[in-house]
Amino acid sequence: MLQLNSTTLGLLGDIHIGVNENQENFINYMTKSLDFHLEKMAGLDVVFLGDIFHTRKHVTQVSLSYLKNVFEDLLKKYSVRPIFICGNHDTYWKSSNELSTVKFLLNSYNVVVDDCETIGYNGKLYATL
């Protein structure tokens with residue numbers, strides 16, 4: 001069971017790294033938006049509600065660079081503790097979470113939720129499906 005320690009929980013969903021074929025203006029907009037929202041969630045457990053990536057079949061060099069050089073730096077900058085839930089765009093197979101970009105690329109956080117899991121928060125238990 002994953003136990004969340006914050007008294008307030010942050011939620012973000014559908015980031016879609018790589019959308020619009022990594023057009024520079026969209027990357028800049030996404031970075032400003034993430035910076036704005038993560039600043040407000042500084043120091044919290046933040047649940048990313050799926051679809052971290054846009055394309056289920058591949059991740060481009062630009063998307064990988066963004067993940068490692070921008071996204072992860074923002075997580076550190078605001079000391080958020082991320083919890084990643086795989087979305088349908090994050091898994092290669094439509095019927096299984098076995099092969100997942102989130103599981104593969106963000107496993108260093110050890111908080112990736114990729115199957116049904118129980119999460120404890122504020123004295124209550126929640127299940128992810």
# chains A, B, ... in the order shown; residues from 1 in each chain; ligands from 1
$ closest_atom_pairs --of "range 60-125 of chain A" --to "range 37-43 of chain A" --cutoff "7 Å" --atoms "only C-alpha atoms" --output "Markdown table"
| residue | atom | partner | partner_atom | distance |
| --- | --- | --- | --- | --- |
| A:Tyr78 | CA | A:Ala42 | CA | 4.6 |
| A:Ser79 | CA | A:Gly43 | CA | 4.9 |
| A:Val80 | CA | A:Gly43 | CA | 4.8 |
$ write_last_selection --atoms "N, CA and C atoms" --output "PDB file, in the first residue's frame"
ATOM      1  N   TYR A  78      10.211  22.229  -6.963  1.00  0.00           N
ATOM      2  CA  TYR A  78       9.106  22.475  -6.036  1.00  0.00           C
ATOM      3  C   TYR A  78       8.938  21.370  -4.994  1.00  0.00           C
ATOM      4  N   SER A  79       9.898  20.450  -4.926  1.00  0.00           N
ATOM      5  CA  SER A  79       9.909  19.384  -3.902  1.00  0.00           C
ATOM      6  C   SER A  79       8.584  18.639  -3.813  1.00  0.00           C
ATOM      7  N   VAL A  80       8.007  18.351  -4.979  1.00  0.00           N
ATOM      8  CA  VAL A  80       6.784  17.551  -4.961  1.00  0.00           C
ATOM      9  C   VAL A  80       7.150  16.072  -4.978  1.00  0.00           C
TER      10      VAL A  80
END
$ residues_around --residues "Gln23 in chain A" --least-positions-apart "6" --cutoff "12 Å" --atoms "only C-alpha atoms" --output "MDAnalysis selection string"
chainID A and resid 17 29:30 62:63 66
$ write_last_selection --atoms "all heavy atoms" --output "PDB file, in the first residue's frame"
ATOM      1  N   ILE A  17       3.124  14.719 -22.790  1.00  0.00           N
ATOM      2  CA  ILE A  17       4.442  15.087 -23.319  1.00  0.00           C
ATOM      3  C   ILE A  17       4.575  14.491 -24.725  1.00  0.00           C
ATOM      4  O   ILE A  17       4.359  13.302 -24.922  1.00  0.00           O
ATOM      5  CB  ILE A  17       5.569  14.566 -22.400  1.00  0.00           C
ATOM      6  CG1 ILE A  17       5.521  15.286 -21.045  1.00  0.00           C
ATOM      7  CG2 ILE A  17       6.943  14.743 -23.064  1.00  0.00           C
ATOM      8  CD1 ILE A  17       6.464  14.708 -20.009  1.00  0.00           C
ATOM      9  N   TYR A  29       4.523  26.477 -23.778  1.00  0.00           N
ATOM     10  CA  TYR A  29       3.253  26.639 -23.063  1.00  0.00           C
ATOM     11  C   TYR A  29       3.110  25.593 -21.955  1.00  0.00           C
ATOM     12  O   TYR A  29       2.724  25.914 -20.835  1.00  0.00           O
ATOM     13  CB  TYR A  29       2.079  26.529 -24.043  1.00  0.00           C
ATOM     14  CG  TYR A  29       0.746  26.507 -23.355  1.00  0.00           C
ATOM     15  CD1 TYR A  29       0.165  27.686 -22.886  1.00  0.00           C
ATOM     16  CD2 TYR A  29       0.075  25.304 -23.150  1.00  0.00           C
ATOM     17  CE1 TYR A  29      -1.057  27.665 -22.227  1.00  0.00           C
ATOM     18  CE2 TYR A  29      -1.141  25.279 -22.499  1.00  0.00           C
ATOM     19  CZ  TYR A  29      -1.706  26.459 -22.041  1.00  0.00           C
ATOM     20  OH  TYR A  29      -2.907  26.430 -21.383  1.00  0.00           O
ATOM     21  N   MET A  30       3.448  24.327 -22.269  1.00  0.00           N
ATOM     22  CA  MET A  30       3.351  23.247 -21.282  1.00  0.00           C
ATOM     23  C   MET A  30       4.282  23.518 -20.105  1.00  0.00           C
ATOM     24  O   MET A  30       3.910  23.311 -18.949  1.00  0.00           O
ATOM     25  CB  MET A  30       3.690  21.906 -21.930  1.00  0.00           C
ATOM     26  CG  MET A  30       3.585  20.723 -20.991  1.00  0.00           C
ATOM     27  SD  MET A  30       3.670  19.091 -21.780  1.00  0.00           S
ATOM     28  CE  MET A  30       4.939  19.267 -22.981  1.00  0.00           C
ATOM     29  N   VAL A  62      12.971  14.235 -28.414  1.00  0.00           N
ATOM     30  CA  VAL A  62      12.558  15.518 -27.843  1.00  0.00           C
ATOM     31  C   VAL A  62      11.739  15.285 -26.574  1.00  0.00           C
ATOM     32  O   VAL A  62      11.939  15.959 -25.559  1.00  0.00           O
ATOM     33  CB  VAL A  62      11.758  16.354 -28.877  1.00  0.00           C
ATOM     34  CG1 VAL A  62      11.206  17.618 -28.245  1.00  0.00           C
ATOM     35  CG2 VAL A  62      12.631  16.695 -30.074  1.00  0.00           C
ATOM     36  N   SER A  63      10.841  14.301 -26.596  1.00  0.00           N
ATOM     37  CA  SER A  63      10.033  13.987 -25.416  1.00  0.00           C
ATOM     38  C   SER A  63      10.903  13.484 -24.266  1.00  0.00           C
ATOM     39  O   SER A  63      10.698  13.863 -23.109  1.00  0.00           O
ATOM     40  CB  SER A  63       8.962  12.936 -25.748  1.00  0.00           C
ATOM     41  OG  SER A  63       8.035  13.444 -26.675  1.00  0.00           O
ATOM     42  N   TYR A  66      12.741  16.424 -22.820  1.00  0.00           N
ATOM     43  CA  TYR A  66      11.827  17.243 -22.013  1.00  0.00           C
ATOM     44  C   TYR A  66      11.592  16.593 -20.656  1.00  0.00           C
ATOM     45  O   TYR A  66      11.635  17.252 -19.624  1.00  0.00           O
ATOM     46  CB  TYR A  66      10.489  17.434 -22.743  1.00  0.00           C
ATOM     47  CG  TYR A  66       9.577  18.374 -22.001  1.00  0.00           C
ATOM     48  CD1 TYR A  66       9.687  19.745 -22.182  1.00  0.00           C
ATOM     49  CD2 TYR A  66       8.650  17.909 -21.078  1.00  0.00           C
ATOM     50  CE1 TYR A  66       8.890  20.631 -21.481  1.00  0.00           C
ATOM     51  CE2 TYR A  66       7.843  18.776 -20.376  1.00  0.00           C
ATOM     52  CZ  TYR A  66       7.964  20.132 -20.577  1.00  0.00           C
ATOM     53  OH  TYR A  66       7.174  21.004 -19.857  1.00  0.00           O
TER      54      TYR A  66
END
$ closest_residue --among "A:Asp45, A:Asp35, A:Asp14, A:Glu72" --to "Leu106 in chain A" --atoms "only C-alpha atoms"
A:Glu72
$ atom_distance --atom1 "CA of Leu67 in chain A" --atom2 "CA of Leu105 in chain A"
8.8 Å
$ closest_atom_pairs --of "range 37-108 of chain A" --to "range 116-127 of chain A" --cutoff "12 Å" --atoms "only C-alpha atoms" --output "JSON lines"
{"residue": "A:Asp45", "atom": "CA", "partner": "A:Tyr121", "partner_atom": "CA", "distance": 10.2}
{"residue": "A:Val47", "atom": "CA", "partner": "A:Ile119", "partner_atom": "CA", "distance": 10.9}
{"residue": "A:Ile83", "atom": "CA", "partner": "A:Ile119", "partner_atom": "CA", "distance": 10.3}
{"residue": "A:Phe84", "atom": "CA", "partner": "A:Glu117", "partner_atom": "CA", "distance": 11.8}
{"residue": "A:Ile85", "atom": "CA", "partner": "A:Cys116", "partner_atom": "CA", "distance": 9.9}
{"residue": "A:Cys86", "atom": "CA", "partner": "A:Cys116", "partner_atom": "CA", "distance": 10.7}
{"residue": "A:Ser96", "atom": "CA", "partner": "A:Cys116", "partner_atom": "CA", "distance": 11.9}
{"residue": "A:Asn97", "atom": "CA", "partner": "A:Cys116", "partner_atom": "CA", "distance": 10.4}
$ closest_residue --among "A:Val102, A:Leu34, A:Ile27, A:Ile15" --to "Ser65 in chain A" --atoms "only C-alpha atoms"
A:Ile27
$ select_by_dssp --residues "chain A" --states "helix (DSSP H, G or I)" --output "JSON, numbers by chain"
{"A": [19, 20, 21, 22, 24, 25, 26, 27, 28, 29, 30, 31, 32, 33, 34, 35, 36, 37, 38, 39, 40, 61, 62, 63, 64, 65, 66, 67, 68, 69, 70, 71, 72, 73, 74, 75, 76, 77, 101, 102, 103, 104, 105, 107, 108, 109]}
$ atom_distance --atom1 "CA of Leu64 in chain A" --atom2 "CA of Gly18 in chain A"
8.9 Å
$ closest_residue --among "A:Leu9, A:Thr31, A:Leu75, A:Glu24" --to "Tyr109 in chain A" --atoms "only C-alpha atoms"
A:Leu75
$ closest_residue --among "A:Asn69, A:Thr55, A:Thr8, A:Asn22" --to "Thr91 in chain A" --atoms "only C-alpha atoms"
A:Thr55
$ residues_around --residues "Ser100 in chain A" --least-positions-apart "4" --cutoff "7 Å" --atoms "only C-alpha atoms" --output "mmCIF file with N, CA and C atoms, in the first residue's frame"
data_model
loop_
_atom_site.group_PDB
_atom_site.id
_atom_site.type_symbol
_atom_site.label_atom_id
_atom_site.label_comp_id
_atom_site.auth_asym_id
_atom_site.auth_seq_id
_atom_site.Cartn_x
_atom_site.Cartn_y
_atom_site.Cartn_z
ATOM 1 N N ASP A 90 -0.083 5.939 -21.975
ATOM 2 C CA ASP A 90 1.200 5.575 -21.369
ATOM 3 C C ASP A 90 1.530 4.092 -21.518
ATOM 4 N N THR A 91 0.608 3.307 -22.013
ATOM 5 C CA THR A 91 0.828 1.866 -22.142
ATOM 6 C C THR A 91 0.819 1.461 -23.610
ATOM 7 N N TYR A 92 1.719 0.554 -23.969
ATOM 8 C CA TYR A 92 1.833 0.114 -25.358
ATOM 9 C C TYR A 92 0.614 -0.708 -25.766
ATOM 10 N N PHE A 104 8.628 2.431 -17.184
ATOM 11 C CA PHE A 104 10.002 2.305 -17.639
ATOM 12 C C PHE A 104 10.820 3.568 -17.383
#
$ decode --residues "range 5-27 of chain A" --atoms "N, CA, C and O atoms" --output "compact mmCIF listing (two decimals), in the first residue's frame"
# COMPACT_ATOMS: atom_id res chain seq x y z
N ASN A 5 1.60 11.27 2.56
CA ASN A 5 1.89 11.94 3.82
C ASN A 5 1.38 13.38 3.89
O ASN A 5 1.32 13.95 4.95
N SER A 6 1.06 13.98 2.76
CA SER A 6 0.59 15.36 2.76
C SER A 6 -0.81 15.45 3.35
O SER A 6 -1.61 14.55 3.22
N THR A 7 -1.11 16.57 4.00
CA THR A 7 -2.49 16.80 4.44
C THR A 7 -3.32 17.35 3.29
O THR A 7 -4.54 17.30 3.32
N THR A 8 -2.65 17.89 2.29
CA THR A 8 -3.31 18.35 1.07
C THR A 8 -2.68 17.61 -0.10
O THR A 8 -1.47 17.39 -0.12
N LEU A 9 -3.49 17.22 -1.04
CA LEU A 9 -3.03 16.42 -2.16
C LEU A 9 -3.18 17.21 -3.45
O LEU A 9 -4.21 17.85 -3.68
N GLY A 10 -2.15 17.19 -4.30
CA GLY A 10 -2.23 17.83 -5.61
C GLY A 10 -2.61 16.82 -6.67
O GLY A 10 -2.21 15.66 -6.60
N LEU A 11 -3.39 17.24 -7.64
CA LEU A 11 -3.80 16.38 -8.75
C LEU A 11 -3.52 17.08 -10.07
O LEU A 11 -3.88 18.24 -10.27
N LEU A 12 -2.87 16.37 -10.98
CA LEU A 12 -2.64 16.87 -12.34
C LEU A 12 -2.89 15.72 -13.31
O LEU A 12 -2.53 14.58 -13.02
N GLY A 13 -3.49 16.02 -14.43
CA GLY A 13 -3.75 14.95 -15.39
C GLY A 13 -3.49 15.38 -16.81
O GLY A 13 -3.48 16.56 -17.14
N ASP A 14 -3.27 14.38 -17.63
CA ASP A 14 -3.19 14.56 -19.08
C ASP A 14 -2.15 15.60 -19.51
O ASP A 14 -2.46 16.56 -20.22
N ILE A 15 -0.91 15.37 -19.13
CA ILE A 15 0.17 16.27 -19.53
C ILE A 15 0.51 16.08 -21.01
O ILE A 15 0.78 17.03 -21.71
N HIS A 16 0.50 14.86 -21.48
CA HIS A 16 0.70 14.52 -22.90
C HIS A 16 2.02 15.06 -23.45
O HIS A 16 2.04 15.78 -24.45
N ILE A 17 3.12 14.72 -22.79
CA ILE A 17 4.44 15.09 -23.32
C ILE A 17 4.58 14.49 -24.72
O ILE A 17 4.36 13.30 -24.92
N GLY A 18 4.90 15.33 -25.69
CA GLY A 18 5.06 14.89 -27.07
C GLY A 18 3.88 15.23 -27.97
O GLY A 18 3.92 14.95 -29.17
N VAL A 19 2.83 15.82 -27.42
CA VAL A 19 1.67 16.17 -28.24
C VAL A 19 2.06 17.24 -29.27
O VAL A 19 3.04 17.97 -29.07
N ASN A 20 1.32 17.32 -30.35
CA ASN A 20 1.59 18.27 -31.43
C ASN A 20 3.00 18.12 -31.99
O ASN A 20 3.65 19.11 -32.35
N GLU A 21 3.47 16.89 -32.01
CA GLU A 21 4.79 16.56 -32.56
C GLU A 21 5.90 17.41 -31.95
O GLU A 21 6.84 17.83 -32.63
N ASN A 22 5.77 17.69 -30.65
CA ASN A 22 6.79 18.44 -29.90
C ASN A 22 7.06 19.83 -30.48
O ASN A 22 8.19 20.31 -30.46
N GLN A 23 6.03 20.49 -30.96
CA GLN A 23 6.22 21.86 -31.47
C GLN A 23 6.71 22.76 -30.34
O GLN A 23 6.23 22.70 -29.22
N GLU A 24 7.67 23.60 -30.67
CA GLU A 24 8.34 24.43 -29.66
C GLU A 24 7.37 25.32 -28.89
O GLU A 24 7.47 25.45 -27.67
N ASN A 25 6.39 25.90 -29.59
CA ASN A 25 5.46 26.79 -28.89
C ASN A 25 4.59 26.01 -27.90
O ASN A 25 4.26 26.52 -26.83
N PHE A 26 4.25 24.77 -28.23
CA PHE A 26 3.47 23.98 -27.28
C PHE A 26 4.33 23.55 -26.10
O PHE A 26 3.87 23.55 -24.96
N ILE A 27 5.58 23.20 -26.33
CA ILE A 27 6.50 22.83 -25.25
C ILE A 27 6.65 24.01 -24.29
O ILE A 27 6.62 23.84 -23.07
